[in-house]
Amino acid sequence: MNNMINFGIDLGTTNSLIAKFNTGTVEVFKNPIGFKETLPSVVGFRNDRILLGEQAKTYMEKDHKSVVSRFKRKMGTTETFKIKSLGQSKTPIELSAFVLKELKTFIHTGEAPEAVVITIPASFDMVQSNATKEAGYAAGFKQVVLLQEPIAASLAYANREKNVDLKNSQWIVYDLGGGTFDVALVKIVGGELKIVDHEGDNYLGSMDFDALIVERILAPQLEKKGKFTDLLAQMKSDSGKYNWLWCSLLHRAEDAKIELSNNPSAEIDLSRCDIEDENGKVIEVDYIPITRSEYESIIKETIDNTAEMMKKILTRNSLRPRDLKFVLMVGGATYTPFVRKRIEELLGIPVNTGIDPTNAIAVGAAYFAATKEIDMSGKADEKASAPGALKIKVAYNRASQEREEMFSAKLDGDCAGLFYRITREDGGYDSGLKTLTPRIVEDLPLQEDAFNVFTFKILDGANNLLATDFDSIQIAQGKYSVAGQMLPEDLSLVKDDLNTRDTKLERIFAKNSVLPARAKRSVDVSKTIIHGSDDEIRIIVVEGPSENHFTVNKTVGYLAISGKGFKRDILRGTEIDLTFELSESRDLTVHAYVNASSQEFSQIFNPTARHVPVKILTEEIRLLETRLEEEKVDAMTSENYEVVQELEKLTASVQELQGEAMLLTLDDVTDGRYKLEDRKRKIAQELNQLTSGKRLEKLRNEYGSLKADVAAIVNQSGNDHERRQLNEVIAREHSFLNSTNPRKLEEPMEQLQGIHFQILRRTPDFLVGWFQNLTSKRELFNDQLQARNLIEAGKRHITAEDYDRLAEVNGRLHNLLPQQEKDSKEMQRFITGIS
Amino acid sequence: MDGTYANAWKWDACLNITAINQLYELEQKLKKHGDPNNLQRNLTRMKGAFEQFYDESSGFAYEDPMDQPFKETRTDLEASIAGSGTENLVVVEVLKPIIRAVVRDSQGNFSKVIQKGVVIVESKQQKTP
């Protein structure tokens, strides 16, 4: 099986594709740049580079003396294309070989096929077919098998619809592409697919439809709104005043055309086009609507002409429409519903849209290739180049502030007949194929503020990659010196954690981030701050591992905004946009924008001055004491007396600290608070060390039992989605169960609880239990009358077993609970007021 | 990124490309017609959400190539050349922005173009007034 060709190429007039058959399926390879399956069959020569596909297409109309397209039609003729920038001519074979070579770069599997199937139009004669073979050889293939395009399309269909019986039948392949039209009568003769007759127009395609939309719909509309003298001519002429508008409208027309394939109408949005008429008056036009029927009426004539060609084939072959099984649609333009409908209408033959019109020919070629054995006996020539090993010396800046950097290389060895190509890995730059010389210089454009990686390849004449000792160019843009300016520790923002009623850290800048750096975060206000009050929102930035509790890390930035600073009440849930900027000298700037009051607060912190407000220090110490007390109770319960003893020592230190902190005034100017802050941090570190093992163990146990509970309920009443969610969590177990970071365990537990609750909410027992729990709090409800009505309704729903309605009642009752009172108790454990 | 990995990005991105293009359109319209209600803030938030689509350091971002120079080596743009000149080309109209899948790590930003910018370019000398 491995001895089959497997690779198929659709070498099209406008676009080319490559596909491979692999264990029963066909993969159509995508261009590594831009991910399109199609490569425009266009070759350009500009500034000593060879450009292929999209890049060349850009210059197709404007630089037609150096860019060539539609050369497929000249295959097998003596005609050559003069290339102005080269000062020489290229044959259609050479140009096709460039396209074939470029297609090889689509193969991401690393294979370098030596044999290939290439498709040709039904109309190709012997000379043209041989020329196509030659192009294949020139591209480095050693075996080239040809296949007619309508047969390829039919194969793609037959392989897709394996159950359809095509024996003794005939059909028409209708291939309307971007720029060409072909139609062929295909018949099964003696068990083999054969082309019996064909017709075509090399200048008809869907691109013409875009132009028709502009000419017949958009231009007349614009002409009505302002004064233009022959707008169309002005748009189509290179030197016309409105030439830019022609390109712009064509793109918009194409979008509308695609939309009209799915919707009965589309709108062409011109609100971003600044169009002025000849008097300088700005044209007031936002949207030009276009309906499917308008579009159909303008392309009708063209489609009718294609039907005429088909009728000719039928007449020539003395066939009636009912002798044909179907019309097989291929080519991008056949996506248009009208094309399908109209052809069916005019010919009375059912239209078959069973294959992907864009890649069907390449897919069919690959299926065919899978049945053809590799045979190297008739190979063209063996000029496999074996150049002496090349030695490359390169020079370039590894870090740059510029948008472009010069790359130069010196090569030792034989460069004759070789090419090089540099591409940027993000897909934003391609040098094109360039002739390799002993000394090369290239200006490489850099993506801003990014690590730019370029691939450097040396290729032989058949586009085969040669192994060298150098293949990658790496340049950091926007950085001065990567080595000297790394952030030594994580910088994190302290936030309230509403679930654990504690605080948590959100990493803003990771350790080893390269400076300068900038980050944005949005946070919610977790408690209401009354205008004019002393309540505060605190933006605290700490330095140290982001898994730590914040008290363990060093505070490097602190910005407090009190109720006095706000213009109005800031309600719980209000968003604050935070921007953090870290300069190269590690000055941290924090901007906070409060949308509700349209206020902005900023503060710059520099590493020489530490911000330790007395107020927050005392609160932190109090919090630390509470934690110590809780840990002590825990350790006592588990009879871990050694730990209790250690904790008692720490408690004594904290109490001492508390006493000293009380003595500090709020505006203390001595360094007393820094000393206290250091001591507090050390105690917190010790506490963390003492209890981290215990906490992890406890969490792991909790996780185990939670998982068992959730698995049971998912098995009993879960749906597929919940089952998948549970399996996803279990699949990640190895990563968080072995982690020493409690946060990593808490996160999957939250997810499991989420699944649990999701299922419970649907179970009658839970809903009834929740309802009873809520009714037991009836005196707390804010609106007693409403609560009474809801409770009555709830009881009725229980009797009627209407649990959906009961869930609604529960939700509404829950909302009637005095949220703020409950919150304020919770908030005592919070520090920052943001979450 | 090898081909397979890049394709995986592409499939995820398909879901978001339409939304990001619309976001860009909105932003351009605000620039053109003014923004009395400070809608830009909400758009910036949405952009932020896309930038952190997967996690805090990976997602999607777009780039507006307006006024940038265009050369034959640029493969992040699908350009139509207006006018007759083909030298010193600059982007004069952006129909669709460049969309990238971005991963930020300690070495810097790594990205992959998942939608080429669709633009009109014109020679600088004859740029449309």
# chains A, B, ... in the order shown; residues from 1 in each chain; ligands from 1
>>> select_by_dssp(residues="stretch 422-512 of chain A", states="strand (DSSP E)", output="VMD selection string")
chain A and resid 422 to 424 434 to 435 439 to 445 451 to 459 465 to 466 472 to 477 491 to 497 502 to 509
>>> residues_around(residues="B:Leu26", least_positions_apart="4", cutoff="12 Å", atoms="only C-alpha atoms", output="ChimeraX atom specification")
/A:271-272 /B:19-22,30-35,39-40,42-44,46-47,96
>>> interface_residues(of="chain B", to="chain A", cutoff="7 Å", atoms="only C-alpha atoms", output="PyMOL selection string")
chain B and resi 3+29+72-76+79-84+86+106-116+120
>>> atom_distance(atom1="atom CA of A:Asp375", atom2="atom CA of A:Asn15")
28.3 Å
>>> residues_around(residues="B:Gly59", least_positions_apart="5", cutoff="8 Å", atoms="only C-alpha atoms", output="PDB file with C-alpha atoms, in the first residue's frame")
ATOM      1  CA  PHE B  50     -10.464  38.080  23.311  1.00  0.00           C
ATOM      2  CA  GLU B  51      -6.827  38.673  24.217  1.00  0.00           C
ATOM      3  CA  GLN B  52      -7.325  36.369  27.189  1.00  0.00           C
ATOM      4  CA  PHE B  53      -9.656  33.955  25.429  1.00  0.00           C
ATOM      5  CA  TYR B  54      -7.856  30.800  26.563  1.00  0.00           C
ATOM      6  CA  ALA B 101      -3.590  34.120  17.799  1.00  0.00           C
ATOM      7  CA  VAL B 102      -1.235  35.375  20.497  1.00  0.00           C
ATOM      8  CA  VAL B 103       0.649  33.637  23.277  1.00  0.00           C
TER       9      VAL B 103
END
>>> atom_distance(atom1="atom CA of B:Glu122", atom2="atom CA of A:Leu212")
23.9 Å
>>> closest_residue(among="A:Ala362, A:Val173, A:Ile275, A:Ala635", to="A:Leu147", atoms="only C-alpha atoms")
A:Ala362
>>> closest_residue(among="A:Glu405, A:Gly544, A:Ile834, A:Leu418", to="A:Asp496", atoms="only C-alpha atoms")
A:Ile834
>>> atom_distance(atom1="atom CA of A:Arg70", atom2="atom CA of A:Asp175")
16.4 Å
>>> closest_residue(among="B:Leu95, B:Glu27, B:Asp55, B:Leu89", to="A:Asp255", atoms="only C-alpha atoms")
B:Leu95
>>> residues_around(residues="A:Asp765", least_positions_apart="6", cutoff="12 Å", atoms="only C-alpha atoms", output="MDAnalysis selection string")
chainID A and resid 759 771:772 798 801 803 806:807
>>> closest_residue(among="B:Arg104, B:Ile98, B:Gly48, B:Glu63", to="B:Gly117", atoms="only C-alpha atoms")
B:Ile98
>>> residues_around(residues="stretch 333-344 of chain A", least_positions_apart="4", cutoff="7 Å", atoms="only C-alpha atoms", output="NGL selection string")
:A and (176-178 or 206 or 261 or 296 or 303 or 307 or 329 or 348-351 or 357)
>>> write_last_selection(atoms="N, CA and C atoms", output="mmCIF file, in the first residue's frame")
data_model
loop_
_atom_site.group_PDB
_atom_site.id
_atom_site.type_symbol
_atom_site.label_atom_id
_atom_site.label_comp_id
_atom_site.auth_asym_id
_atom_site.auth_seq_id
_atom_site.Cartn_x
_atom_site.Cartn_y
_atom_site.Cartn_z
ATOM 1 N N LEU A 176 -17.616 25.781 -12.614
ATOM 2 C CA LEU A 176 -17.580 27.247 -12.717
ATOM 3 C C LEU A 176 -16.730 27.789 -11.572
ATOM 4 N N GLY A 177 -15.485 28.137 -11.895
ATOM 5 C CA GLY A 177 -14.547 28.568 -10.857
ATOM 6 C C GLY A 177 -14.493 30.069 -10.729
ATOM 7 N N GLY A 178 -13.370 30.542 -10.155
ATOM 8 C CA GLY A 178 -13.213 31.978 -9.953
ATOM 9 C C GLY A 178 -13.075 32.719 -11.269
ATOM 10 N N SER A 206 -16.624 33.528 -11.214
ATOM 11 C CA SER A 206 -17.393 34.269 -10.202
ATOM 12 C C SER A 206 -16.839 35.672 -9.948
ATOM 13 N N SER A 261 -25.635 33.897 -0.672
ATOM 14 C CA SER A 261 -25.772 32.452 -0.853
ATOM 15 C C SER A 261 -26.584 31.858 0.288
ATOM 16 N N GLU A 296 -29.611 37.892 -8.621
ATOM 17 C CA GLU A 296 -29.897 36.844 -9.606
ATOM 18 C C GLU A 296 -30.183 37.440 -10.977
ATOM 19 N N ILE A 303 -25.353 32.947 -16.592
ATOM 20 C CA ILE A 303 -25.669 31.544 -16.283
ATOM 21 C C ILE A 303 -26.411 30.906 -17.458
ATOM 22 N N ALA A 307 -25.627 27.452 -19.697
ATOM 23 C CA ALA A 307 -26.603 26.397 -19.990
ATOM 24 C C ALA A 307 -26.638 26.110 -21.492
ATOM 25 N N MET A 329 -21.854 19.621 -9.705
ATOM 26 C CA MET A 329 -21.405 21.013 -9.579
ATOM 27 C C MET A 329 -20.015 21.096 -8.951
ATOM 28 N N GLY A 348 -33.514 20.718 -16.991
ATOM 29 C CA GLY A 348 -34.395 19.660 -16.503
ATOM 30 C C GLY A 348 -33.637 18.430 -16.039
ATOM 31 N N ILE A 349 -32.375 18.641 -15.600
ATOM 32 C CA ILE A 349 -31.580 17.521 -15.072
ATOM 33 C C ILE A 349 -31.306 17.843 -13.596
ATOM 34 N N PRO A 350 -31.454 16.864 -12.712
ATOM 35 C CA PRO A 350 -31.179 17.175 -11.294
ATOM 36 C C PRO A 350 -29.725 17.604 -11.088
ATOM 37 N N VAL A 351 -29.557 18.604 -10.231
ATOM 38 C CA VAL A 351 -28.213 19.118 -9.962
ATOM 39 C C VAL A 351 -27.650 18.391 -8.753
ATOM 40 N N PRO A 357 -17.207 22.124 -3.743
ATOM 41 C CA PRO A 357 -16.855 22.645 -5.065
ATOM 42 C C PRO A 357 -15.424 23.163 -5.161
#
>>> residues_around(residues="A:Val189", least_positions_apart="2", cutoff="10 Å", atoms="only C-alpha atoms", output="ChimeraX atom specification")
/A:167-170,186-187,191-196
>>> residues_around(residues="stretch 687-690 of chain A", least_positions_apart="6", cutoff="9 Å", atoms="only C-alpha atoms", output="MDAnalysis selection string")
chainID A and resid 548:549 552 627:628 631 643 646:647 650
>>> closest_residue(among="A:Arg778, A:Pro764, A:Ile93, A:Leu737", to="A:Ala800", atoms="only C-alpha atoms")
A:Pro764
>>> decode(residues="stretch 47-83 of chain B", atoms="C-alpha atoms", output="PDB file, in the first residue's frame")
ATOM      1  CA  LYS B  47     -10.800  43.227  23.065  1.00  0.00           C
ATOM      2  CA  GLY B  48      -9.269  42.346  26.424  1.00  0.00           C
ATOM      3  CA  ALA B  49     -11.593  39.349  26.719  1.00  0.00           C
ATOM      4  CA  PHE B  50     -10.464  38.080  23.311  1.00  0.00           C
ATOM      5  CA  GLU B  51      -6.827  38.673  24.217  1.00  0.00           C
ATOM      6  CA  GLN B  52      -7.325  36.369  27.189  1.00  0.00           C
ATOM      7  CA  PHE B  53      -9.656  33.955  25.429  1.00  0.00           C
ATOM      8  CA  TYR B  54      -7.856  30.800  26.563  1.00  0.00           C
ATOM      9  CA  ASP B  55      -6.185  32.038  29.715  1.00  0.00           C
ATOM     10  CA  GLU B  56      -4.477  35.119  31.038  1.00  0.00           C
ATOM     11  CA  SER B  57      -1.678  34.855  28.507  1.00  0.00           C
ATOM     12  CA  SER B  58      -3.214  33.505  25.312  1.00  0.00           C
ATOM     13  CA  GLY B  59      -6.013  34.506  23.012  1.00  0.00           C
ATOM     14  CA  PHE B  60      -6.697  36.592  19.940  1.00  0.00           C
ATOM     15  CA  ALA B  61      -5.708  40.123  19.044  1.00  0.00           C
ATOM     16  CA  TYR B  62      -6.133  42.303  16.032  1.00  0.00           C
ATOM     17  CA  GLU B  63      -3.938  44.869  14.410  1.00  0.00           C
ATOM     18  CA  ASP B  64      -5.061  47.822  12.318  1.00  0.00           C
ATOM     19  CA  PRO B  65      -2.576  48.123   9.442  1.00  0.00           C
ATOM     20  CA  MET B  66      -3.857  51.576   8.346  1.00  0.00           C
ATOM     21  CA  ASP B  67      -1.045  53.803   7.018  1.00  0.00           C
ATOM     22  CA  GLN B  68       1.512  51.000   7.266  1.00  0.00           C
ATOM     23  CA  PRO B  69       3.882  50.462   4.351  1.00  0.00           C
ATOM     24  CA  PHE B  70       3.208  47.527   2.046  1.00  0.00           C
ATOM     25  CA  LYS B  71       5.808  45.489   0.212  1.00  0.00           C
ATOM     26  CA  GLU B  72       5.721  42.280  -1.747  1.00  0.00           C
ATOM     27  CA  THR B  73       7.210  40.444   1.232  1.00  0.00           C
ATOM     28  CA  ARG B  74       4.281  41.159   3.545  1.00  0.00           C
ATOM     29  CA  THR B  75       2.173  38.059   3.926  1.00  0.00           C
ATOM     30  CA  ASP B  76      -0.143  39.314   6.659  1.00  0.00           C
ATOM     31  CA  LEU B  77      -2.056  41.480   4.183  1.00  0.00           C
ATOM     32  CA  GLU B  78      -4.233  40.699   1.207  1.00  0.00           C
ATOM     33  CA  ALA B  79      -3.855  43.899  -0.748  1.00  0.00           C
ATOM     34  CA  SER B  80      -5.509  45.455  -3.776  1.00  0.00           C
ATOM     35  CA  ILE B  81      -3.379  48.115  -5.387  1.00  0.00           C
ATOM     36  CA  ALA B  82      -5.271  51.238  -6.405  1.00  0.00           C
ATOM     37  CA  GLY B  83      -3.743  53.578  -8.961  1.00  0.00           C
TER      38      GLY B  83
END
